[in-house]
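Asker: So I've got this file, model.txt, and it contains compact mmCIF, C-alpha atoms and all ligand atoms:
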# COMPACT_ATOMS: atom_id res chain seq x y z
CA MET A 9 -26.17 10.64 -5.56
CA THR A 10 -25.55 7.31 -7.18
CA LYS A 11 -25.48 3.93 -5.54
CA ALA A 12 -22.76 1.29 -5.46
CA ARG A 13 -22.48 -2.18 -4.04
CA ALA A 14 -19.84 -2.67 -1.38
CA LEU A 15 -18.32 -5.14 1.05
CA SER A 16 -18.90 -3.57 4.43
CA ILE A 17 -18.04 -4.42 8.03
CA LYS A 18 -20.41 -3.08 10.67
CA ASP A 19 -18.09 -3.34 13.67
CA LYS A 20 -14.66 -4.69 14.47
CA ASN A 21 -15.90 -8.21 15.22
CA ALA A 22 -18.26 -8.50 12.26
CA PHE A 23 -17.92 -10.43 9.03
CA PHE A 24 -18.26 -8.71 5.67
CA ALA A 25 -21.75 -8.12 4.31
CA THR A 26 -22.78 -6.82 0.89
CA GLU A 27 -24.42 -3.42 1.27
CA VAL A 28 -25.59 -0.62 -1.01
CA ILE A 29 -23.69 2.61 -0.37
CA GLU A 30 -24.11 6.12 -1.76
CA ARG A 31 -21.57 7.94 -3.89
CA ARG A 32 -21.85 11.68 -4.41
CA LYS A 33 -23.25 13.30 -7.53
CA PRO A 34 -20.15 14.32 -9.53
CA ARG A 35 -19.03 17.94 -9.15
CA ALA A 36 -17.14 19.88 -11.83
CA ASP A 37 -13.78 18.37 -10.80
CA ASP A 38 -14.98 14.83 -10.20
CA VAL A 39 -14.32 11.60 -12.03
CA VAL A 40 -16.83 8.76 -11.70
CA ILE A 41 -15.06 5.42 -11.82
CA ASP A 42 -16.48 1.91 -12.23
CA ILE A 43 -14.08 -0.19 -10.17
CA ASP A 44 -12.70 -3.39 -11.71
CA TYR A 45 -10.14 -4.50 -9.13
CA CYS A 46 -9.06 -3.53 -5.64
CA GLY A 47 -5.93 -4.83 -3.92
CA VAL A 48 -6.18 -6.14 -0.36
CA CYS A 49 -3.72 -4.31 1.89
CA HIS A 50 -2.89 -5.31 5.46
CA SER A 51 -3.91 -1.75 6.44
CA ASP A 52 -7.49 -2.65 5.40
CA LEU A 53 -7.49 -5.36 8.05
CA HIS A 54 -5.75 -3.26 10.76
CA CYS A 55 -8.37 -0.55 10.25
CA ALA A 56 -11.54 -2.63 9.86
CA ARG A 57 -10.70 -4.89 12.79
CA GLY A 58 -10.07 -1.91 15.05
CA GLU A 59 -6.35 -2.69 15.44
CA TRP A 60 -5.55 1.01 15.00
CA PRO A 61 -7.22 3.84 16.90
CA GLY A 62 -9.95 5.82 15.13
CA SER A 63 -11.74 3.17 13.07
CA LEU A 64 -15.13 4.33 11.79
CA TYR A 65 -18.01 1.97 11.05
CA PRO A 66 -19.48 0.74 8.86
CA CYS A 67 -16.11 0.24 7.19
CA VAL A 68 -15.68 -0.32 3.46
CA PRO A 69 -11.91 -0.80 3.05
CA GLY A 70 -9.79 -0.72 -0.09
CA HIS A 71 -7.23 1.75 -1.40
CA GLU A 72 -5.63 -0.03 -4.34
CA ILE A 73 -8.29 0.76 -6.92
CA ILE A 74 -8.24 0.32 -10.69
CA GLY A 75 -11.26 0.94 -12.87
CA ARG A 76 -12.65 2.80 -15.86
CA VAL A 77 -13.96 6.34 -16.14
CA VAL A 78 -17.72 6.35 -16.76
CA GLU A 79 -18.45 10.05 -16.29
CA THR A 80 -16.49 13.27 -15.85
CA GLY A 81 -17.35 16.67 -14.35
CA THR A 82 -17.40 19.77 -16.54
CA ASP A 83 -13.88 20.89 -15.49
CA VAL A 84 -12.20 17.53 -16.09
CA ALA A 85 -9.98 17.58 -19.18
CA ARG A 86 -7.28 15.03 -18.29
CA PHE A 87 -9.58 12.01 -18.16
CA LYS A 88 -11.97 10.64 -20.75
CA VAL A 89 -14.85 8.21 -20.49
CA GLY A 90 -13.51 4.68 -20.97
CA GLN A 91 -9.99 5.50 -19.77
CA ARG A 92 -8.35 3.19 -17.21
CA VAL A 93 -7.52 5.00 -14.00
CA GLY A 94 -6.32 4.31 -10.48
CA VAL A 95 -6.99 5.64 -7.00
CA GLY A 96 -4.67 5.03 -4.06
CA CYS A 97 -4.82 5.84 -0.37
CA MET A 98 -5.92 9.49 -0.61
CA VAL A 99 -8.89 11.21 -2.28
CA ASP A 100 -8.29 14.80 -1.12
CA SER A 101 -5.99 17.16 0.78
CA CYS A 102 -6.04 20.88 1.57
CA GLY A 103 -3.94 21.76 -1.49
CA VAL A 104 -2.51 24.93 0.09
CA CYS A 105 -0.18 23.89 2.93
CA ASP A 106 3.57 23.60 2.40
CA SER A 107 3.37 19.81 2.08
CA CYS A 108 0.61 19.89 -0.54
CA LEU A 109 2.39 22.63 -2.48
CA ALA A 110 5.53 20.46 -2.47
CA GLY A 111 3.59 17.50 -3.92
CA LEU A 112 3.62 15.71 -0.57
CA GLU A 113 -0.15 15.42 -0.12
CA GLN A 114 0.40 12.38 2.09
CA TYR A 115 1.91 14.74 4.67
CA CYS A 116 -0.79 17.44 4.33
CA TYR A 117 -0.59 19.65 7.44
CA ASN A 118 -4.37 19.66 7.59
CA GLY A 119 -4.62 15.90 7.18
CA ASN A 120 -5.31 14.26 3.83
CA THR A 121 -8.67 12.57 3.21
CA GLY A 122 -8.20 8.82 3.20
CA THR A 123 -9.92 6.79 0.50
CA TYR A 124 -11.75 5.17 3.41
CA ASN A 125 -12.16 5.97 7.11
CA SER A 126 -11.94 9.78 6.76
CA PRO A 127 -14.71 12.35 7.25
CA ASP A 128 -16.64 12.83 4.00
CA VAL A 129 -17.14 16.58 3.59
CA HIS A 130 -19.41 16.12 0.56
CA ILE A 131 -22.16 13.82 1.73
CA GLY A 132 -21.42 13.51 5.45
CA GLY A 133 -20.39 10.43 7.35
CA HIS A 134 -17.04 8.98 6.33
CA THR A 135 -15.37 7.85 3.13
CA PHE A 136 -15.85 4.34 1.73
CA GLY A 137 -13.06 2.57 -0.16
CA GLY A 138 -12.57 0.30 -3.10
CA TYR A 139 -14.18 -2.97 -1.97
CA SER A 140 -17.09 -1.60 -3.99
CA THR A 141 -18.33 -1.27 -7.55
CA SER A 142 -17.82 2.46 -8.11
CA VAL A 143 -16.30 5.59 -6.60
CA VAL A 144 -16.35 9.35 -7.26
CA VAL A 145 -12.98 11.08 -6.85
CA ASP A 146 -11.59 14.58 -7.40
CA GLN A 147 -9.46 14.53 -10.55
CA ARG A 148 -6.37 15.70 -8.62
CA PHE A 149 -6.30 12.30 -6.90
CA VAL A 150 -6.91 10.15 -9.96
CA LEU A 151 -3.94 8.41 -11.63
CA SER A 152 -3.53 7.36 -15.26
CA ILE A 153 -2.75 3.68 -15.75
CA PRO A 154 -0.15 3.11 -18.49
CA ASP A 155 -1.50 0.91 -21.33
CA THR A 156 0.97 -1.93 -20.77
CA LEU A 157 0.01 -2.53 -17.14
CA PRO A 158 -2.80 -5.07 -16.60
CA SER A 159 -5.55 -3.75 -14.32
CA ASP A 160 -5.57 -6.64 -11.84
CA ALA A 161 -1.82 -6.95 -11.22
CA ALA A 162 -1.28 -3.18 -11.28
CA ALA A 163 -3.87 -2.44 -8.58
CA PRO A 164 -1.43 -3.12 -5.70
CA LEU A 165 0.95 -0.51 -7.10
CA LEU A 166 -1.45 2.17 -5.83
CA CYS A 167 -0.48 1.50 -2.19
CA ALA A 168 2.13 -1.27 -1.89
CA GLY A 169 4.06 0.02 -4.90
CA ILE A 170 4.22 3.68 -3.95
CA THR A 171 4.90 2.93 -0.26
CA LEU A 172 8.18 1.31 -1.29
CA PHE A 173 9.01 3.46 -4.32
CA SER A 174 8.95 6.71 -2.34
CA PRO A 175 11.49 5.78 0.36
CA LEU A 176 13.68 3.91 -2.16
CA LYS A 177 13.97 7.17 -4.08
CA HIS A 178 14.21 9.40 -1.01
CA TRP A 179 17.09 7.36 0.44
CA ARG A 180 18.66 7.03 -3.03
CA ALA A 181 18.58 3.30 -3.60
CA GLY A 182 20.59 2.49 -6.71
CA PRO A 183 23.82 0.98 -8.02
CA GLY A 184 26.39 0.40 -5.29
CA LYS A 185 23.79 0.44 -2.51
CA ARG A 186 22.91 -2.66 -0.49
CA VAL A 187 19.21 -2.41 0.21
CA ALA A 188 17.29 -4.84 2.44
CA ILE A 189 13.55 -5.41 2.45
CA VAL A 190 12.22 -6.85 5.71
CA GLY A 191 9.00 -8.89 5.38
CA LEU A 192 8.12 -10.55 2.08
CA GLY A 193 4.42 -9.71 1.87
CA GLY A 194 2.43 -7.33 -0.31
CA LEU A 195 4.64 -4.31 0.36
CA GLY A 196 7.87 -6.28 0.62
CA HIS A 197 7.63 -8.09 -2.71
CA MET A 198 7.04 -4.77 -4.48
CA GLY A 199 10.11 -3.39 -2.71
CA VAL A 200 12.24 -6.24 -4.05
CA LYS A 201 11.12 -5.64 -7.65
CA LEU A 202 11.48 -1.85 -7.45
CA ALA A 203 14.87 -1.82 -5.69
CA ARG A 204 16.18 -4.34 -8.21
CA ALA A 205 14.96 -2.22 -11.12
CA MET A 206 16.65 0.82 -9.58
CA GLY A 207 19.96 -1.05 -9.71
CA ALA A 208 20.51 -1.75 -6.00
CA THR A 209 21.83 -4.97 -4.54
CA VAL A 210 18.73 -6.43 -2.90
CA VAL A 211 18.66 -8.48 0.30
CA VAL A 212 15.40 -9.99 1.52
CA ILE A 213 15.11 -10.41 5.28
CA THR A 214 12.30 -12.84 6.05
CA SER A 215 10.99 -14.73 9.05
CA SER A 216 9.72 -17.42 6.64
CA PRO A 217 12.58 -19.61 5.31
CA ALA A 218 10.08 -21.17 2.86
CA LYS A 219 9.89 -17.85 0.99
CA ALA A 220 13.60 -17.87 0.07
CA GLU A 221 13.06 -19.39 -3.38
CA ASP A 222 10.37 -16.82 -4.19
CA ALA A 223 12.61 -14.03 -2.95
CA PHE A 224 15.25 -14.93 -5.53
CA ARG A 225 12.63 -15.30 -8.26
CA LEU A 226 11.28 -11.84 -7.41
CA GLY A 227 14.74 -10.34 -7.83
CA ALA A 228 16.63 -10.66 -4.54
CA HIS A 229 20.40 -11.14 -4.75
CA GLU A 230 20.59 -12.50 -1.19
CA VAL A 231 18.18 -13.83 1.42
CA LEU A 232 18.61 -13.57 5.16
CA VAL A 233 16.42 -15.52 7.59
CA SER A 234 15.78 -13.23 10.56
CA THR A 235 15.14 -16.10 12.96
CA SER A 236 18.66 -17.48 12.41
CA PRO A 237 21.06 -15.84 14.92
CA ASP A 238 23.95 -17.16 12.85
CA GLU A 239 22.83 -15.54 9.60
CA MET A 240 22.00 -12.29 11.40
CA ALA A 241 25.43 -12.17 13.06
CA LYS A 242 27.23 -12.79 9.76
CA ALA A 243 25.31 -9.94 8.10
CA ALA A 244 26.37 -7.32 10.69
CA ARG A 245 27.35 -3.97 9.12
CA THR A 246 26.64 -5.02 5.53
CA LEU A 247 23.64 -2.86 4.57
CA ASP A 248 23.08 0.76 3.56
CA LEU A 249 19.29 0.89 3.70
CA ILE A 250 16.61 -1.25 5.32
CA LEU A 251 12.94 -0.88 4.43
CA ASN A 252 10.92 -2.62 7.14
CA THR A 253 7.40 -3.72 6.11
CA VAL A 254 6.58 -6.04 9.03
CA SER A 255 2.91 -5.79 10.02
CA ALA A 256 3.28 -7.18 13.56
CA VAL A 257 5.00 -6.02 16.73
CA HIS A 258 8.62 -7.15 16.44
CA ASP A 259 12.19 -6.24 17.37
CA TYR A 260 13.25 -3.82 14.62
CA ASN A 261 16.31 -2.93 16.73
CA ALA A 262 17.76 -6.31 15.79
CA PHE A 263 18.09 -5.03 12.22
CA MET A 264 19.99 -1.86 13.18
CA ARG A 265 23.17 -3.87 13.73
CA LEU A 266 23.04 -4.91 10.05
CA LEU A 267 23.61 -1.31 8.95
CA ARG A 268 26.95 0.15 7.95
CA ILE A 269 27.98 3.57 9.19
CA ASP A 270 25.44 6.19 7.98
CA GLY A 271 22.91 3.47 7.23
CA ALA A 272 19.18 4.01 7.64
CA GLN A 273 16.26 1.79 8.62
CA VAL A 274 12.88 3.09 7.43
CA LEU A 275 9.81 1.76 9.22
CA LEU A 276 6.86 1.26 6.86
CA GLY A 277 4.76 -1.34 8.66
CA ILE A 278 2.27 -0.01 11.20
CA PRO A 279 1.69 -2.76 13.79
CA PRO A 280 -1.34 -2.70 16.11
CA SER A 281 0.74 -1.52 19.12
CA GLU A 282 3.64 0.91 19.28
CA LEU A 283 7.11 -0.59 18.94
CA ALA A 284 9.77 -0.33 21.64
CA GLY A 285 12.14 2.64 21.52
CA PRO A 286 15.42 2.59 19.60
CA HIS A 287 18.75 1.37 20.97
CA VAL A 288 20.36 4.78 20.99
CA MET A 289 23.85 3.60 21.92
CA ARG A 290 24.11 1.42 18.80
CA MET A 291 22.77 4.20 16.61
CA VAL A 292 25.16 6.79 18.02
CA ALA A 293 28.12 4.47 17.56
CA ASN A 294 27.41 4.10 13.83
CA ARG A 295 25.73 7.42 12.94
CA LEU A 296 22.56 5.52 12.04
CA THR A 297 19.18 6.88 11.01
CA LEU A 298 15.86 5.43 12.13
CA ALA A 299 13.09 6.84 9.96
CA ALA A 300 9.55 6.19 8.80
CA SER A 301 7.55 6.97 5.70
CA THR A 302 4.03 6.75 4.35
CA ILE A 303 2.89 6.17 0.76
CA GLY A 304 3.92 8.98 -1.65
CA GLY A 305 2.51 12.12 -3.24
CA ILE A 306 0.22 12.04 -6.27
CA ALA A 307 2.87 13.18 -8.78
CA GLU A 308 5.28 10.63 -7.35
CA THR A 309 2.61 7.92 -7.60
CA GLN A 310 2.21 8.70 -11.30
CA GLU A 311 6.01 8.60 -11.66
CA MET A 312 6.00 5.17 -9.96
CA LEU A 313 3.30 3.86 -12.33
CA ASP A 314 5.29 5.07 -15.34
CA PHE A 315 8.48 3.53 -13.88
CA CYS A 316 6.65 0.21 -13.45
CA ALA A 317 5.41 0.34 -17.05
CA GLN A 318 8.94 1.06 -18.26
CA HIS A 319 10.39 -1.85 -16.27
CA ALA A 320 7.41 -4.23 -16.72
CA ILE A 321 6.82 -4.39 -12.98
CA VAL A 322 3.48 -5.55 -11.57
CA SER A 323 2.44 -7.32 -8.40
CA ASP A 324 2.32 -11.12 -8.00
CA ILE A 325 -1.36 -11.56 -7.29
CA GLU A 326 -4.03 -14.04 -6.37
CA ILE A 327 -7.44 -12.88 -7.59
CA ILE A 328 -10.32 -13.47 -5.20
CA GLY A 329 -14.08 -13.09 -5.43
CA ALA A 330 -16.19 -11.36 -2.80
CA SER A 331 -17.02 -14.65 -1.07
CA GLN A 332 -13.31 -15.32 -0.43
CA ILE A 333 -12.45 -12.10 1.34
CA GLU A 334 -12.65 -13.49 4.89
CA THR A 335 -10.36 -16.41 3.99
CA ALA A 336 -7.97 -14.02 2.29
CA TRP A 337 -7.77 -11.87 5.42
CA GLU A 338 -7.16 -14.95 7.59
CA ARG A 339 -4.35 -16.00 5.27
CA MET A 340 -2.92 -12.48 5.47
CA VAL A 341 -2.81 -12.75 9.27
CA GLN A 342 -0.96 -16.09 8.89
CA GLY A 343 1.59 -14.51 6.51
CA ASP A 344 0.29 -16.81 3.76
CA VAL A 345 -0.02 -14.32 0.89
CA ARG A 346 1.88 -14.83 -2.37
CA TYR A 347 2.00 -11.87 -2.63
CA ARG A 348 -1.14 -9.76 -2.87
CA PHE A 349 -4.80 -10.66 -2.93
CA VAL A 350 -6.77 -8.64 -5.45
CA LEU A 351 -10.54 -8.46 -5.21
CA ASP A 352 -12.50 -8.76 -8.46
CA THR A 353 -15.15 -6.18 -7.58
CA LYS A 354 -17.53 -7.47 -10.26
CA THR A 355 -18.21 -10.39 -7.90
CA ILE A 356 -19.74 -8.14 -5.24
CA GLY A 357 -23.30 -9.41 -5.45
CA GLY A 358 -26.60 -7.60 -5.79
CA GLU A 359 -28.46 -5.76 -8.49
CA PRO A 360 -26.02 -5.31 -11.38
CA SER A 361 -27.67 -2.06 -12.51
CA LEU A 362 -26.85 -0.20 -9.30
CA SER A 363 -23.39 1.01 -10.22
CA SER A 364 -23.54 4.55 -11.64
P1 LIG B 401 1.46 -8.42 4.47
O1 LIG B 401 1.26 -8.71 3.03
O2 LIG B 401 0.65 -9.16 5.46
O3 LIG B 401 3.03 -8.62 4.76
C1 LIG B 401 3.59 -8.43 6.02
C2 LIG B 401 4.84 -9.32 6.17
O4 LIG B 401 5.42 -9.05 7.44
C3 LIG B 401 4.55 -10.80 6.18
O5 LIG B 401 4.44 -11.36 4.90
C4 LIG B 401 5.75 -11.35 6.93
O6 LIG B 401 6.86 -11.48 6.03
C5 LIG B 401 6.08 -10.23 7.89
N1 LIG B 401 5.60 -10.55 9.24
C6 LIG B 401 4.32 -10.68 9.64
N2 LIG B 401 4.26 -10.97 10.94
C7 LIG B 401 5.52 -11.01 11.39
C8 LIG B 401 6.13 -11.24 12.64
N3 LIG B 401 5.39 -11.50 13.75
N4 LIG B 401 7.48 -11.19 12.74
C9 LIG B 401 8.22 -10.93 11.65
N5 LIG B 401 7.70 -10.72 10.42
C10 LIG B 401 6.38 -10.76 10.30
O7 LIG B 401 1.20 -6.88 4.79
P2 LIG B 401 1.39 -5.59 3.83
O8 LIG B 401 0.10 -5.32 3.16
O9 LIG B 401 2.63 -5.76 3.06
O10 LIG B 401 1.56 -4.44 4.93
C11 LIG B 401 2.66 -4.48 5.83
C12 LIG B 401 2.52 -3.40 6.87
O11 LIG B 401 2.67 -2.12 6.25
C13 LIG B 401 1.14 -3.34 7.56
O12 LIG B 401 1.33 -3.01 8.93
C14 LIG B 401 0.43 -2.20 6.84
O13 LIG B 401 -0.57 -1.61 7.62
C15 LIG B 401 1.60 -1.27 6.62
N6 LIG B 401 1.41 -0.31 5.52
C16 LIG B 401 2.02 0.89 5.66
C17 LIG B 401 1.94 1.82 4.65
C18 LIG B 401 2.62 3.13 4.80
O14 LIG B 401 2.24 4.08 4.11
N7 LIG B 401 3.64 3.24 5.63
C19 LIG B 401 1.24 1.52 3.48
C20 LIG B 401 0.65 0.27 3.36
C21 LIG B 401 0.74 -0.65 4.38
P3 LIG B 401 7.91 -12.71 6.15
O15 LIG B 401 7.07 -13.93 6.11
O16 LIG B 401 8.77 -12.53 4.96
O17 LIG B 401 8.65 -12.51 7.45
ZN ZN B 402 -2.35 0.01 1.82
Please, can you express the file's structure as structure tokens?

Answerer:
Amino acid sequence: MTKARALSIKDKNAFFATEVIERRKPRADDVVIDIDYCGVCHSDLHCARGEWPGSLYPCVPGHEIIGRVVETGTDVARFKVGQRVGVGCMVDSCGVCDSCLAGLEQYCYNGNTGTYNSPDVHIGGHTFGGYSTSVVVDQRFVLSIPDTLPSDAAAPLLCAGITLFSPLKHWRAGPGKRVAIVGLGGLGHMGVKLARAMGATVVVITSSPAKAEDAFRLGAHEVLVSTSPDEMAKAARTLDLILNTVSAVHDYNAFMRLLRIDGAQVLLGIPPSELAGPHVMRMVANRLTLAASTIGGIAETQEMLDFCAQHAIVSDIEIIGASQIETAWERMVQGDVRYRFVLDTKTIGGEPSLSS
């Protein structure tokens, strides 16, 4: 086992503390990664603050990891020491179910292993995420970072990026399609950039009128303020696809009326309580789809990284040190993120020699 420094929360009401955690001794298929940056996803907060069922403590969040390979197991040929790599929301899956065989590890029938908050079959306890200085991951779940992508601004691609890329592709966003992104936060701003690069007409639906200017800068063609009944009424039956990234309980049914016949709304946000049921009558009358989606498979995540390199897409970030994490989370709750916090993991204090 090796040791790493980590930002850890001991229960749902606790503040972060710097702790030393253990990482497993690398097996033949493992890659040992010194972490440089980790994006701060709203899921980290939902989980660590016990807003979702099943939180395990102590909790070390973080699933938007970019770092460098410092050691490889004997069966690892794809990665070399010194190479820049990424790790997203999963670090393992069964590999043999129909979903895994189809490259849809995120829908593994036996449950994928989350980068944090999943049982750790190797050393017991549960997995610890990327708010730490190093991690050991099976090579099947390690991504290559294209040379042109900077480590800090590319980190959020590993969750926010793929969570939008996958449904945009699945529901065929592209030229001639009017695609709306609801919620201009970490996920949402990636959705705007990706949908624009795919050739769709992009509409941002925001509850924050002050974000309109940013929305256009990020690539939106139109902006709709969801709190304006007038604007919402005018936009009725104008959209083909809605990707909804809102992190709080809200009335997603209000957006269904914006869809044209055969339109689809895909729920991506996972609020602390279940949302109300759909308005079936409206859906029936317009042959609408209400769907949901989570992240993307590993091959698709690599495809997304390569797509981002090709189109020069990265996240708009604000880099924070370890001492700023609580403030960053508070700002995330207030919707005051422009548009992703990224933790510089080198600032996690303690003995510098601990990491691998
Ligand atoms: P975020 O950066 O905090 O952005 C969420 C956005 O939702 C806010 O910027 C805000 O946008 C909007 N919003 C927040 N509260 C609202 C309210 N009461 N009413 C209307 N809009 C509100 O969060 P994130 O990291 O993008 O994550 C968003 C959600 O996706 C979280 O629930 C997270 O857990 C979930 N998630 C899901 C997956 C998946 O695989 N499906 C992956 C990652 C994250 P405006 O100011 O523009 O309205
Ligand atoms: Zn995430």

Asker: Place a sphere of radius 7 Å on (-2.2, -9.4, -11.8) in the file coordinates and name every protein, DNA or RNA residue with an atom inside or on its surface, counting all atoms listed in the file; give the answer as a PyMOL selection string.

Answerer: chain A and resi 158+160-162+322-325

Asker: Produce as a ChimeraX atom specification the set of residues near ligand ZN 402 (chain B), where near means within 10 Å with only C-alpha atoms and all ligand atoms considered.

Answerer: /A:47-53,69-72,96-97,164-171,194-195,277,302-303

Asker: Per residue of region 49-159 of chain A within 8 Å of region 314-321 of chain A, note the shortest atom pair and the distance in Å to one decimal, counting only C-alpha atoms, and order the rows by chain and increasing residue number, as CSV.

Answerer:
residue,atom,partner,partner_atom,distance
A:Pro154,CA,A:Ala317,CA,6.4
A:Thr156,CA,A:Ala317,CA,6.2
A:Leu157,CA,A:Ala317,CA,6.1

Asker: Might you pull out every residue within 8 Å of Gly305 (chain A), with all atoms listed in the file counted and same-chain residues fewer than 3 positions away left off, and present them as a compact mmCIF listing (two decimals) with C-alpha atoms, in the frame of the given file?

Answerer:
# COMPACT_ATOMS: atom_id res chain seq x y z
CA GLY A 111 3.59 17.50 -3.92
CA LEU A 112 3.62 15.71 -0.57
CA GLU A 113 -0.15 15.42 -0.12
CA GLN A 114 0.40 12.38 2.09
CA GLU A 308 5.28 10.63 -7.35
CA THR A 309 2.61 7.92 -7.60

Asker: What residues have any atom no more than 7 Å from ligand LIG 401 (chain B) when counting all atoms listed in the file, and can you list them as number ranges by chain?

Answerer: A: 49-51, 54, 167-168, 171, 190-196, 213-216, 219, 253-258, 276-279, 301-303, 340-341, 343-345, 347-348

Asker: Neighbouring residues of Asp146 (chain A) were defined as those with any atom within 8 Å, considering all atoms listed in the file; residues of the same chain fewer than 5 positions away were excluded. Please report them as a list of chain:residue names.

Answerer: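 My list of contacting residues is A:Asp37, A:Asp38, A:Val39, A:Val99, A:Asp100.
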
Asker: For a quick check of understanding, using only C-alpha atoms, which of A:Ala300, A:Ala110, A:Met198, A:Val89 has the smallest distance to Leu275 (chain A)?

Answerer: A:Ala300

Asker: I'd like the neighbourhood of Ala85 (chain A) as a CSV table (one decimal) with C-alpha atoms, in the coordinates of the input, where a residue qualifies if any of its atoms comes within 10 Å (using only C-alpha atoms), though same-chain residues fewer than 3 positions away should be ignored.

Answerer:
chain,number,residue,atom,x,y,z
A,37,ASP,CA,-13.8,18.4,-10.8
A,80,THR,CA,-16.5,13.3,-15.8
A,81,GLY,CA,-17.4,16.7,-14.4
A,82,THR,CA,-17.4,19.8,-16.5
A,88,LYS,CA,-12.0,10.6,-20.8
A,147,GLN,CA,-9.5,14.5,-10.6
